[in-house]
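A short write-up of the structure that comes next.
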Amino acid sequence: MADPITTSVTFPDGATTGTATVLAARALPAGTGVIVDTTPFHPLDHSWLDQPCDLGTLVAGGAEYEVVDCVTGGIGPGGEFAVGVDIPVRRGDETWRRLVVHLVDGAAPAPGRQVELYVDEGRRAALSAAHTGCHLMALALNEALADRWRTEVRVDGLGNPDFDGIAVVASRIDVDSGTDRYRLGKSLRKRFDTDGLREALPGLASKVNERLAGRLAQDAPVRIDTPGPELTARRQWVCELPERTVAIPCGGTHLRRLGELASLTVELTLAADGSERVAVTRHLTAEAAAPGNRKGGRKGGRREGGWAGTIGGSC
């Protein structure tokens, strides 16, 4: 691969299929990394391991290649290639160009070949639902905790103190839930009242869940705003709530409307020493809740994890 490139991506628009040209195939510890010019696959972002990668299939000349992992790669100014945490510069460093790397077992389609790309639609839909649910939970949690702040801090898109944005240290999306971890350290405690927080958890969870149920009933439209098709574009999750349109920086995938969720509930726990709060948000989609529902869509990816675990996350 002589020239640095940035992969064009179509997953922000909800695409799960596409046609592309293979630019390169790179030998990697657990298989072959296939790089194309444009893809609907959402890769694991090593800099913020929230949403796992898409899985699926590449098809070229009648042959199918199972995509068992999908990660972020990079090309340096001298043509050096790296993936995941081995990329030696931080996100935003323009000396390295980011790209999507599709991992397949064994052989791969040759550079120059046209390939068809198919994302596992069921997995994508589940991850999108969980990711949308986590953003809604964050907004509701900020509102429920608003009266515990001792000082003025930055606010979220609804004007409430942004506890989620200030305290979150890790976020993990799964096919049926999302888990957010919040650090309640000494610095935060100077500004945020944690007295009686453990005893207040059931009431806070009830308040958040009530707000979440109300949000789903509003069935507000959701979209991803992006300035361009590049993988590196700064994208935003946008939800047009009746009272105000809210935008949150986000590189993941999402639902089209809040009404696609039949239910959304959160469980709140606090570490024994009070230093960490954990919020687990579980969802049920309207499609899954429908009588006689059967999951469909083209599927791919027998294996989850594997190579992705070597770059600091699981797929």
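Following the order of the structure tokens, first chain is A, next is B, and so on, with residues numbered from 1 inside each chain and ligands from 1 in the order they appear.
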Quiz prompt | DSSP helix (DSSP H, G or I) selection over segment 147-238 of chain A, as a PyMOL selection string | solution = chain A and resi 147-148+163-167+186-189+197-218
Self-check item: Test item, strand (DSSP E or B) assignment across segment 47-80 of chain A, answer as a PyMOL selection string
Solution: chain A and resi 56-60+63-75
Got time to write the residues from that selection, N, CA, C and O atoms, as a compact mmCIF listing (two decimals), in the first residue's frame?
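File produced: out.txt:
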```
# COMPACT_ATOMS: atom_id res chain seq x y z
N GLY A 56 -19.36 -10.36 9.85
CA GLY A 56 -20.11 -10.59 8.62
C GLY A 56 -19.31 -11.36 7.59
O GLY A 56 -18.51 -12.24 7.94
N THR A 57 -19.48 -10.99 6.32
CA THR A 57 -18.92 -11.77 5.22
C THR A 57 -18.46 -10.86 4.09
O THR A 57 -19.11 -9.85 3.78
N LEU A 58 -17.34 -11.22 3.47
CA LEU A 58 -16.90 -10.63 2.19
C LEU A 58 -17.11 -11.69 1.11
O LEU A 58 -16.85 -12.88 1.33
N VAL A 59 -17.59 -11.26 -0.05
CA VAL A 59 -17.82 -12.19 -1.16
C VAL A 59 -17.10 -11.65 -2.39
O VAL A 59 -17.28 -10.49 -2.79
N ALA A 60 -16.27 -12.50 -3.00
CA ALA A 60 -15.53 -12.12 -4.21
C ALA A 60 -15.44 -13.32 -5.14
O ALA A 60 -14.98 -14.39 -4.74
N ALA A 63 -16.60 -16.70 -3.98
CA ALA A 63 -16.01 -17.23 -2.74
C ALA A 63 -16.40 -16.33 -1.57
O ALA A 63 -16.44 -15.10 -1.70
N GLU A 64 -16.72 -16.95 -0.43
CA GLU A 64 -17.08 -16.20 0.76
C GLU A 64 -15.93 -16.22 1.77
O GLU A 64 -15.28 -17.25 1.97
N TYR A 65 -15.70 -15.08 2.39
CA TYR A 65 -14.66 -14.93 3.39
C TYR A 65 -15.33 -14.39 4.66
O TYR A 65 -15.85 -13.28 4.66
N GLU A 66 -15.29 -15.18 5.72
CA GLU A 66 -15.95 -14.78 6.95
C GLU A 66 -15.13 -13.72 7.68
O GLU A 66 -13.93 -13.92 7.95
N VAL A 67 -15.75 -12.61 8.00
CA VAL A 67 -15.10 -11.54 8.77
C VAL A 67 -15.30 -11.86 10.24
O VAL A 67 -16.40 -11.76 10.78
N VAL A 68 -14.23 -12.29 10.91
CA VAL A 68 -14.31 -12.73 12.31
C VAL A 68 -13.87 -11.64 13.28
O VAL A 68 -13.97 -11.81 14.49
N ASP A 69 -13.40 -10.54 12.76
CA ASP A 69 -13.01 -9.40 13.59
C ASP A 69 -12.88 -8.19 12.67
O ASP A 69 -12.69 -8.33 11.46
N CYS A 70 -12.99 -7.01 13.24
CA CYS A 70 -12.88 -5.78 12.44
C CYS A 70 -12.35 -4.69 13.37
O CYS A 70 -12.99 -4.36 14.37
N VAL A 71 -11.20 -4.13 13.04
CA VAL A 71 -10.53 -3.19 13.93
C VAL A 71 -10.07 -1.95 13.17
O VAL A 71 -10.09 -1.89 11.94
N THR A 72 -9.60 -0.99 13.93
CA THR A 72 -9.01 0.21 13.36
C THR A 72 -7.53 -0.02 13.11
O THR A 72 -6.81 -0.51 13.99
N GLY A 73 -7.09 0.32 11.91
CA GLY A 73 -5.67 0.24 11.57
C GLY A 73 -5.14 1.60 11.22
O GLY A 73 -5.88 2.59 11.21
N GLY A 74 -3.86 1.67 10.95
CA GLY A 74 -3.27 2.96 10.59
C GLY A 74 -2.05 2.79 9.71
O GLY A 74 -1.35 1.78 9.75
N ILE A 75 -1.80 3.81 8.89
CA ILE A 75 -0.61 3.86 8.04
C ILE A 75 0.15 5.13 8.38
O ILE A 75 -0.41 6.23 8.40
```
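Within the 10 Å cut-off around Arg256 of chain A, using only C-alpha atoms and omitting residues fewer than 6 positions from it on the same chain, the listed residues are Asp13, Gly14, Ser128, Ala129, Thr132, Asp219, Ala220, Pro221, Val222, Arg223, Ile224 and Cys239 of chain A.
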Practice problem: Pick out the residues sitting within 8 Å of Ala140 of chain A, and hand them over as a list in words; count only C-alpha atoms, and ignore anything fewer than 4 positions along from it in its own chain. | Solution: Leu136, Ala144, Val208, Arg211 and Leu212 of chain A
Practice problem: For atom CA of Pro109 of chain A and atom CA of Thr38 of chain A, quote the distance in Å rounded to one decimal. | Solution: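 So the two atoms, atom CA of Pro109 of chain A and atom CA of Thr38 of chain A, lie 15.1 Å apart.
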Write out as a tab-separated table (two decimals) with N, CA, C and O atoms, in the first residue's frame which residues come within 10 Å of Ile35 of chain A when counting only C-alpha atoms, dropping same-chain ones fewer than 2 positions away.
```tsv
chain	number	residue	atom	x	y	z
A	1	MET	N	0.86	-1.18	0.00
A	1	MET	CA	0.00	0.00	0.00
A	1	MET	C	0.89	1.23	0.00
A	1	MET	O	1.49	1.59	1.01
A	7	THR	N	-10.27	5.10	5.19
A	7	THR	CA	-11.41	4.36	4.68
A	7	THR	C	-12.68	5.20	4.72
A	7	THR	O	-12.96	5.87	5.71
A	20	ALA	N	-17.02	-2.84	-2.79
A	20	ALA	CA	-15.77	-2.11	-2.63
A	20	ALA	C	-14.66	-2.76	-3.44
A	20	ALA	O	-14.82	-3.86	-3.99
A	21	THR	N	-13.53	-2.08	-3.49
A	21	THR	CA	-12.32	-2.60	-4.11
A	21	THR	C	-11.30	-2.91	-3.03
A	21	THR	O	-11.07	-2.07	-2.14
A	22	VAL	N	-10.69	-4.07	-3.10
A	22	VAL	CA	-9.66	-4.43	-2.14
A	22	VAL	C	-8.39	-3.64	-2.44
A	22	VAL	O	-7.89	-3.65	-3.57
A	23	LEU	N	-7.89	-2.94	-1.43
A	23	LEU	CA	-6.67	-2.15	-1.58
A	23	LEU	C	-5.43	-2.91	-1.13
A	23	LEU	O	-4.35	-2.72	-1.68
A	24	ALA	N	-5.60	-3.75	-0.09
A	24	ALA	CA	-4.44	-4.47	0.43
A	24	ALA	C	-4.92	-5.64	1.29
A	24	ALA	O	-6.05	-5.64	1.78
A	25	ALA	N	-4.05	-6.61	1.47
A	25	ALA	CA	-4.28	-7.73	2.39
A	25	ALA	C	-3.02	-7.88	3.22
A	25	ALA	O	-1.93	-8.07	2.67
A	26	ARG	N	-3.15	-7.78	4.53
A	26	ARG	CA	-2.00	-7.81	5.42
A	26	ARG	C	-2.02	-9.04	6.32
A	26	ARG	O	-3.04	-9.35	6.93
A	32	THR	N	-5.76	-12.75	8.19
A	32	THR	CA	-5.39	-11.76	7.18
A	32	THR	C	-6.29	-10.55	7.30
A	32	THR	O	-7.52	-10.69	7.36
A	33	GLY	N	-5.68	-9.38	7.34
A	33	GLY	CA	-6.43	-8.14	7.42
A	33	GLY	C	-6.71	-7.60	6.03
A	33	GLY	O	-5.78	-7.29	5.28
A	37	ASP	N	-11.63	0.17	0.00
A	37	ASP	CA	-11.75	1.63	-0.09
A	37	ASP	C	-12.98	2.17	0.64
A	37	ASP	O	-12.96	3.30	1.14
A	38	THR	N	-14.04	1.38	0.70
A	38	THR	CA	-15.25	1.82	1.40
A	38	THR	C	-15.93	0.62	2.03
A	38	THR	O	-15.92	-0.47	1.45
A	39	THR	N	-16.52	0.80	3.22
A	39	THR	CA	-17.09	-0.35	3.93
A	39	THR	C	-18.28	0.05	4.79
A	39	THR	O	-18.31	1.16	5.33
A	73	GLY	N	-7.09	0.32	11.91
A	73	GLY	CA	-5.67	0.24	11.57
A	73	GLY	C	-5.14	1.60	11.22
A	73	GLY	O	-5.88	2.59	11.21
A	99	LEU	N	-7.84	3.55	9.04
A	99	LEU	CA	-8.56	2.72	8.09
A	99	LEU	C	-9.23	1.57	8.82
A	99	LEU	O	-8.95	1.29	9.98
A	100	VAL	N	-10.15	0.92	8.14
A	100	VAL	CA	-10.86	-0.23	8.68
A	100	VAL	C	-10.18	-1.50	8.18
A	100	VAL	O	-9.94	-1.66	6.98
A	101	VAL	N	-9.88	-2.40	9.12
A	101	VAL	CA	-9.22	-3.66	8.79
A	101	VAL	C	-10.18	-4.81	9.11
A	101	VAL	O	-10.59	-4.99	10.25
A	102	HIS	N	-10.55	-5.57	8.08
A	102	HIS	CA	-11.46	-6.71	8.23
A	102	HIS	C	-10.62	-7.98	8.34
A	102	HIS	O	-9.89	-8.34	7.40
A	103	LEU	N	-10.69	-8.68	9.46
A	103	LEU	CA	-9.90	-9.88	9.65
A	103	LEU	C	-10.65	-11.11	9.15
A	103	LEU	O	-11.80	-11.35	9.54
A	111	PRO	N	-5.69	-7.85	-3.80
A	111	PRO	CA	-5.84	-6.42	-4.10
A	111	PRO	C	-6.30	-6.21	-5.54
A	111	PRO	O	-5.87	-6.91	-6.46
```
Practice problem: Just the residues within 10 Å of Gly251 of chain A, please, counting only C-alpha atoms, with nothing from its chain fewer than 5 positions along; format it as a PyMOL selection string. | Solution: chain A and resi 11-12+42-43+45+48+50-51+224+226+231-237
Output of the above residues as a PDB file, in the first residue's frame, restricted to C-alpha atoms:
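So selection.pdb came out as:
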```pdb
ATOM      1  CA  PHE A  11     -22.309   2.545   8.745  1.00  0.00           C
ATOM      2  CA  PRO A  12     -23.244   6.029  10.096  1.00  0.00           C
ATOM      3  CA  HIS A  42     -18.086  -0.646  12.054  1.00  0.00           C
ATOM      4  CA  PRO A  43     -14.633  -1.428  13.518  1.00  0.00           C
ATOM      5  CA  ASP A  45     -12.108   1.719  18.096  1.00  0.00           C
ATOM      6  CA  TRP A  48     -12.569   4.103  23.256  1.00  0.00           C
ATOM      7  CA  ASP A  50     -17.389   1.043  23.805  1.00  0.00           C
ATOM      8  CA  GLN A  51     -19.087  -0.565  20.800  1.00  0.00           C
ATOM      9  CA  ILE A 224     -25.926  10.365  13.046  1.00  0.00           C
ATOM     10  CA  THR A 226     -21.236  13.470  10.038  1.00  0.00           C
ATOM     11  CA  LEU A 231     -13.634   6.950   9.246  1.00  0.00           C
ATOM     12  CA  THR A 232     -11.950   9.821  11.080  1.00  0.00           C
ATOM     13  CA  ALA A 233     -14.891  12.238  10.683  1.00  0.00           C
ATOM     14  CA  ARG A 234     -16.193  13.677  13.972  1.00  0.00           C
ATOM     15  CA  ARG A 235     -19.710  12.273  14.147  1.00  0.00           C
ATOM     16  CA  GLN A 236     -22.585  13.089  16.510  1.00  0.00           C
ATOM     17  CA  TRP A 237     -25.605  11.169  17.769  1.00  0.00           C
TER      18      TRP A 237
END
```
Got a sec: who's within 8 Å of Gly157 of chain A, counting only C-alpha atoms, leaving out chain neighbours fewer than 6 positions off, as an mmCIF file with all heavy atoms, in the first residue's frame?
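Listing of around_37.cif after writing:
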```cif
data_model
loop_
_atom_site.group_PDB
_atom_site.id
_atom_site.type_symbol
_atom_site.label_atom_id
_atom_site.label_comp_id
_atom_site.auth_asym_id
_atom_site.auth_seq_id
_atom_site.Cartn_x
_atom_site.Cartn_y
_atom_site.Cartn_z
ATOM 1 N N THR A 245 -33.517 19.402 20.692
ATOM 2 C CA THR A 245 -32.671 18.460 19.972
ATOM 3 C C THR A 245 -31.349 18.320 20.704
ATOM 4 O O THR A 245 -30.698 19.312 21.029
ATOM 5 C CB THR A 245 -32.425 18.925 18.527
ATOM 6 O OG1 THR A 245 -33.671 18.934 17.815
ATOM 7 C CG2 THR A 245 -31.456 17.999 17.801
ATOM 8 N N VAL A 246 -30.960 17.074 20.975
ATOM 9 C CA VAL A 246 -29.757 16.782 21.751
ATOM 10 C C VAL A 246 -28.712 16.148 20.841
ATOM 11 O O VAL A 246 -29.033 15.294 20.014
ATOM 12 C CB VAL A 246 -30.084 15.821 22.908
ATOM 13 C CG1 VAL A 246 -28.835 15.526 23.727
ATOM 14 C CG2 VAL A 246 -31.165 16.405 23.796
ATOM 15 N N ALA A 247 -27.453 16.558 21.007
ATOM 16 C CA ALA A 247 -26.352 15.985 20.232
ATOM 17 C C ALA A 247 -25.255 15.529 21.184
ATOM 18 O O ALA A 247 -24.894 16.251 22.121
ATOM 19 C CB ALA A 247 -25.811 17.002 19.243
ATOM 20 N N ILE A 248 -24.725 14.324 20.958
ATOM 21 C CA ILE A 248 -23.646 13.760 21.757
ATOM 22 C C ILE A 248 -22.587 13.222 20.804
ATOM 23 O O ILE A 248 -22.913 12.456 19.889
ATOM 24 C CB ILE A 248 -24.164 12.616 22.652
ATOM 25 C CG1 ILE A 248 -25.205 13.135 23.650
ATOM 26 C CG2 ILE A 248 -23.010 11.942 23.389
ATOM 27 C CD1 ILE A 248 -25.839 12.034 24.501
#
```
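The closest residue to Ser206 of chain A, picked from A:Thr265, A:Ser47, A:Thr281, A:Thr19 and counting only C-alpha atoms, is A:Thr265.
For the pair atom CA of Glu80 of chain A and atom CA of Pro29 of chain A, the separation is 16.6 Å.
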Quiz prompt | For atom CA of Pro229 of chain A and atom CA of Gly62 of chain A, the interatomic separation in Å (one decimal) | solution =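 Rounded to one decimal, the two atoms are 28.3 Å apart.
For the set A:Pro227, A:Gly79, A:Gly106, A:Gly61, the residue with the smallest atom-to-atom gap to Val34 of chain A is A:Gly106, counting only C-alpha atoms.
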Quiz item: With distances taken over only C-alpha atoms, which of A:Ser275, A:Gln114, A:Ser171, A:Thr253 is nearest to Gly185 of chain A?
Solution: A:Ser275
